[in-house]
Every structure is written in C-alpha cells, then in structure tokens.
Amino acid sequence: MEKVILTGDRPTGRLHLGHYVGSLKRRVELQNSGEYDKIFIMIADAQALTDNFDNPDKVRQNIIEVALDYLSVGLDPAKSTLFIQSQISELTELTFYYMNLVTVARVHRNPTVKSEIQMRNFEASIPVGFFCYPISQAADITAFKATVVPVGEDQAPMIELTNESVRRFNSVYDNDLVEPKNLLPDNDACLRHPGTDGKAKMSKSLGNCIYLSDTEEDVKKKIMSMYTDPEHLKVTDPGHIEGNTVFTYLDAFSKDEHFKAYLPEYNNLDELKEHYQRGGLGDVKVKKFLNCVIEEELKPIRERRKEYEKDIKGVYEILEKGSIEARKTASQTLSEVKNAMKINYFEDRDFIEEQAKKYNS
Ligand code: TRP
C-alpha cells in the first residue's frame, strides 16, 4: 500500500510555536525522510468558514499567512502538495455522502467539538455546517487515502471518527477506503505546549503565542516576560520545574549542543533543572538561554519567510498548482466511492444494458 500523508490547518491566524512543535516540525521531518509516496498539506479554508462564515476576509487573508508559514518551516512544494480545501469540490461531495454514516449523537460526543461549541457560545444554536466539520474532515482524509495524519492532540477524536466512518463505509458498500493512523508528538512538552502565560494552550484568543513570523525583538520580549514559578522570588529560593513554562519550552526545544554553545557551565537540561530546584539560579539567566535556543530554531524560518514574501504571486501559484494536483487524487477517490454507492449510472454501461433487457423481456 502507498504511504500517504494528509494534514492541514484552518487559516484563522498565523501559525505559532504550539503548531510548530505539535505538528509542523514533524511534517517537515517526514517530508524529508523520503519514506512517503505522497504528501498533501491542506489549508482548510472551508472548515475555517464553518465558524467564521461571517468573516470571509479573515479567512482569505490568512490563507497566504499560513502558506508562508508552511513554506518558511521547510515544507517544500517539490516534495509536498500544498493546496486549498475549498478548491477541491470533490471534498464537499464526499462529505454529503459520509453524513449518512455518522449519527448526531456521535458528533455530540466528540470532545474537541464539545469544547469548541462552548468556546464559541454555540450551545443554544449550533450552525449545521460547524456541527458537520468532523465529517468533512473524514472526507479530507479519505479522499487522499491518507495512511498517516500528523496532527496535534486535539485532532485525535477526528481521526477516530474518520476510522469509524471508513469501517462503516467499507462494510455497507463493500469497499476498501483506507483507515488512517494519527501521529502525535512523543515528547509531552510538544504534545501539550503551553502559552507564554502558563495557560495550558497556546492560542491566539488568549494572546499568549509566540508566532513563527514574530521578529527577534518580539520573541525576546515575550520570553523575558514568560510565566515561571510564582514562588521563586529571590534567586536563592529553590524553584519549581513542574508547571514552569520556561522549563516546559526547554523540554520541547533544547538539546545538549545548546548548552555547549550558550550555557557551558551546564552539560544538559537535567543539570540546569537541578540547580534551579536547589536554588541560586535566576529566571533571567534561564530565559536568556531559552531565547538563544528558540532563536536558533526561528531564525532560518524567518529568513525563508522573507524570501517567499518577495514573491507572493509565486506563492499563490504554488497553491494553485497544488490544488489542481490534489484535485486529481480526490476525484479518483470520489468516483470509486460513487461506484461503491451505486450512483455511477452513466459510467456503468452494463447496468443500462441490463435494465433495458429487464424491461423488454
Ligand atoms: N481541523 C484542523 C485544524 O483545526 C484542520 C483540518 C481540516 C485537518 N481537515 C483536516 C487536519 C484533515 C488534518 C486532516 O487545524
């Protein structure tokens, strides 16, 4: 079986460090591993419209932002197909057919949908389109016959629903749609990357993000005012590591080489943690180190972004070409689905012959 990746993001804002450690970085590694036959990276504008239908300009503007973020982290259009969801009408068609396979109760139980309904005050009246987005996500994934979907932890319930839909489709229609596996980060600090304020999630609405496109000065400011340990008041006080955002970020980003380069009095993160817990190590020193570590990651991303920003038309061309390419695959799957569902009347000439005989014998 072909090894295929499909994944994507809603274009509702610039991408940040949470996206990066939760999924983007892994995508680039998988892309460059050469182990995959096809890689599809989708800007999920149709999904973004399910809760931003009244703000089309926001979605439209963020398409280029997300595309620039993708390209600047190292997703390479020569290796990965970057495309825009709404341009693949086959996905919408598939969604409509998959709706028959999923119950309302099943979507209601989806924990990600549940918390989004709460966050958006949709409790009293949920737009049908929003409610159905997990089903459209199943369509996205299966249309490309994805075997692997690298996403953040919040997307795991969507993959689960996809797999249930695939099993149901295959058993009802005697077909062989592909069940995907999700691929979560194995490092806990990447899986649940907190905001700079120590809140569990980095999120635009909480204003606690470090964006991939932030300037060097912005990043420094954000790091220097990051949440640490409220009980660590004097340098001599023993400090806590658990729930200390600066250390969570170091867990996600730092390597032994960084110590050699920027903080040679310590061999590794364990030694730094030990000193902090013992007392006698100030937050500022740790934050300055973290800033160096993060800058090492963000600098090449920022530089690549600058290059692509010089050729915005070229970026749209990448997306247009990618969308044409992606459409070929989705349309192939859609015609298989229609065959399986017996709604391929005009392609199935034998069927018409048989019908003719039936009525004239
Ligand atoms: N739900 C994802 C997000 O919020 C975007 C998305 C849409 C997606 N379809 C997908 C991700 C299919 C992975 C696979 O960012």
# chains A, B, ... in the order shown; residues from 1 in each chain; ligands from 1
>>> residues_near_ligand(ligand="ligand 1", cutoff="7 Å", atoms="only C-alpha atoms and all ligand atoms", output="ChimeraX atom specification")
/A:6-10,44,47,137,140-141,149,151,155
>>> residues_around(residues="Ser323 of chain A", least_positions_apart="3", cutoff="9 Å", atoms="only C-alpha atoms", output="PyMOL selection string")
chain A and resi 42+81-85+87-88+318-320+326-328
>>> closest_residue(among="A:Asn291, A:Ser335, A:Thr50, A:Thr142", to="Val166 of chain A", atoms="only C-alpha atoms")
A:Thr142
>>> residues_around(residues="segment 240-252 of chain A", least_positions_apart="4", cutoff="10 Å", atoms="only C-alpha atoms", output="PyMOL selection string")
chain A and resi 17+21-22+187-200+223-224+226-232+269-270+272-274+276-279+283+286-287+289-291+293-294
>>> select_by_dssp(residues="segment 36-139 of chain A", states="strand (DSSP E or B)", output="ChimeraX atom specification")
/A:38-43,81-84
>>> write_last_selection(atoms="N, CA, C and O atoms", output="PDB file, in the first residue's frame")
ATOM      1  N   LYS A  38       3.386  10.053  -1.091  1.00  0.00           N
ATOM      2  CA  LYS A  38       2.712  11.322  -1.394  1.00  0.00           C
ATOM      3  C   LYS A  38       2.443  12.073  -0.101  1.00  0.00           C
ATOM      4  O   LYS A  38       2.092  11.459   0.908  1.00  0.00           O
ATOM      5  N   ILE A  39       2.594  13.389  -0.175  1.00  0.00           N
ATOM      6  CA  ILE A  39       2.314  14.224   0.999  1.00  0.00           C
ATOM      7  C   ILE A  39       1.403  15.377   0.581  1.00  0.00           C
ATOM      8  O   ILE A  39       1.728  16.130  -0.337  1.00  0.00           O
ATOM      9  N   PHE A  40       0.256  15.464   1.233  1.00  0.00           N
ATOM     10  CA  PHE A  40      -0.699  16.532   0.933  1.00  0.00           C
ATOM     11  C   PHE A  40      -0.849  17.415   2.171  1.00  0.00           C
ATOM     12  O   PHE A  40      -1.154  16.920   3.257  1.00  0.00           O
ATOM     13  N   ILE A  41      -0.634  18.715   1.984  1.00  0.00           N
ATOM     14  CA  ILE A  41      -0.792  19.655   3.094  1.00  0.00           C
ATOM     15  C   ILE A  41      -1.862  20.660   2.689  1.00  0.00           C
ATOM     16  O   ILE A  41      -1.716  21.362   1.687  1.00  0.00           O
ATOM     17  N   MET A  42      -2.917  20.702   3.495  1.00  0.00           N
ATOM     18  CA  MET A  42      -4.110  21.435   3.082  1.00  0.00           C
ATOM     19  C   MET A  42      -4.391  22.648   3.960  1.00  0.00           C
ATOM     20  O   MET A  42      -4.343  22.568   5.178  1.00  0.00           O
ATOM     21  N   ILE A  43      -4.686  23.750   3.315  1.00  0.00           N
ATOM     22  CA  ILE A  43      -5.164  24.924   4.052  1.00  0.00           C
ATOM     23  C   ILE A  43      -6.685  24.802   4.105  1.00  0.00           C
ATOM     24  O   ILE A  43      -7.361  24.890   3.078  1.00  0.00           O
ATOM     25  N   THR A  81       2.488  18.408  -1.729  1.00  0.00           N
ATOM     26  CA  THR A  81       1.463  19.155  -2.460  1.00  0.00           C
ATOM     27  C   THR A  81       0.726  20.060  -1.482  1.00  0.00           C
ATOM     28  O   THR A  81       0.033  19.582  -0.590  1.00  0.00           O
ATOM     29  N   LEU A  82       0.896  21.373  -1.656  1.00  0.00           N
ATOM     30  CA  LEU A  82       0.202  22.331  -0.786  1.00  0.00           C
ATOM     31  C   LEU A  82      -1.042  22.806  -1.533  1.00  0.00           C
ATOM     32  O   LEU A  82      -0.936  23.236  -2.681  1.00  0.00           O
ATOM     33  N   PHE A  83      -2.200  22.728  -0.877  1.00  0.00           N
ATOM     34  CA  PHE A  83      -3.412  23.120  -1.608  1.00  0.00           C
ATOM     35  C   PHE A  83      -4.461  23.726  -0.697  1.00  0.00           C
ATOM     36  O   PHE A  83      -4.345  23.691   0.527  1.00  0.00           O
ATOM     37  N   ILE A  84      -5.506  24.269  -1.341  1.00  0.00           N
ATOM     38  CA  ILE A  84      -6.580  24.937  -0.595  1.00  0.00           C
ATOM     39  C   ILE A  84      -7.859  24.092  -0.666  1.00  0.00           C
ATOM     40  O   ILE A  84      -8.345  23.777  -1.749  1.00  0.00           O
TER      41      ILE A  84
END
>>> atom_distance(atom1="atom CA of Pro77 of chain A", atom2="atom CA of Arg27 of chain A")
12.9 Å
>>> closest_residue(among="A:Arg305, A:Ile352, A:Asp154, A:Leu75", to="Lys114 of chain A", atoms="only C-alpha atoms")
A:Asp154
>>> closest_residue(among="A:Ala46, A:Ala67, A:Ile126, A:Ala156", to="Leu184 of chain A", atoms="only C-alpha atoms")
A:Ala156
>>> select_by_dssp(residues="segment 32-89 of chain A", states="alpha helix (DSSP H)", output="PyMOL selection string")
chain A and resi 32-33+45-49+56-73+89
>>> write_last_selection(atoms="C-alpha atoms", output="short mmCIF file (atom, residue, chain, number, x, y, z; two decimals), in the first residue's frame")
data_model
loop_
_atom_site.label_atom_id
_atom_site.label_comp_id
_atom_site.auth_asym_id
_atom_site.auth_seq_id
_atom_site.Cartn_x
_atom_site.Cartn_y
_atom_site.Cartn_z
CA ASN A 32 12.45 14.89 4.19
CA SER A 33 12.64 11.27 5.32
CA ASP A 45 -10.47 27.30 4.47
CA ALA A 46 -13.83 25.57 4.08
CA GLN A 47 -13.50 24.26 7.61
CA ALA A 48 -12.41 27.69 8.86
CA LEU A 49 -15.62 29.09 7.39
CA PRO A 56 -14.63 35.76 4.85
CA ASP A 57 -11.92 38.43 4.71
CA LYS A 58 -10.20 36.98 7.76
CA VAL A 59 -10.10 33.52 6.19
CA ARG A 60 -8.96 34.88 2.84
CA GLN A 61 -6.12 36.93 4.33
CA ASN A 62 -4.89 34.07 6.45
CA ILE A 63 -4.51 31.72 3.51
CA ILE A 64 -1.35 33.48 2.43
CA GLU A 65 -0.17 33.76 6.04
CA VAL A 66 -0.48 30.03 6.58
CA ALA A 67 1.09 29.30 3.19
CA LEU A 68 4.07 31.49 4.10
CA ASP A 69 4.35 29.75 7.46
CA TYR A 70 4.30 26.35 5.73
CA LEU A 71 6.97 27.31 3.23
CA SER A 72 9.15 29.01 5.80
CA VAL A 73 9.28 25.99 8.14
CA SER A 89 -15.22 20.42 -4.69
#
>>> closest_residue(among="A:Gln355, A:Lys181, A:Leu281, A:Ile343", to="Val235 of chain A", atoms="only C-alpha atoms")
A:Leu281
>>> closest_residue(among="A:Glu93, A:His19, A:Lys285, A:Asp218", to="Glu265 of chain A", atoms="only C-alpha atoms")
A:Lys285
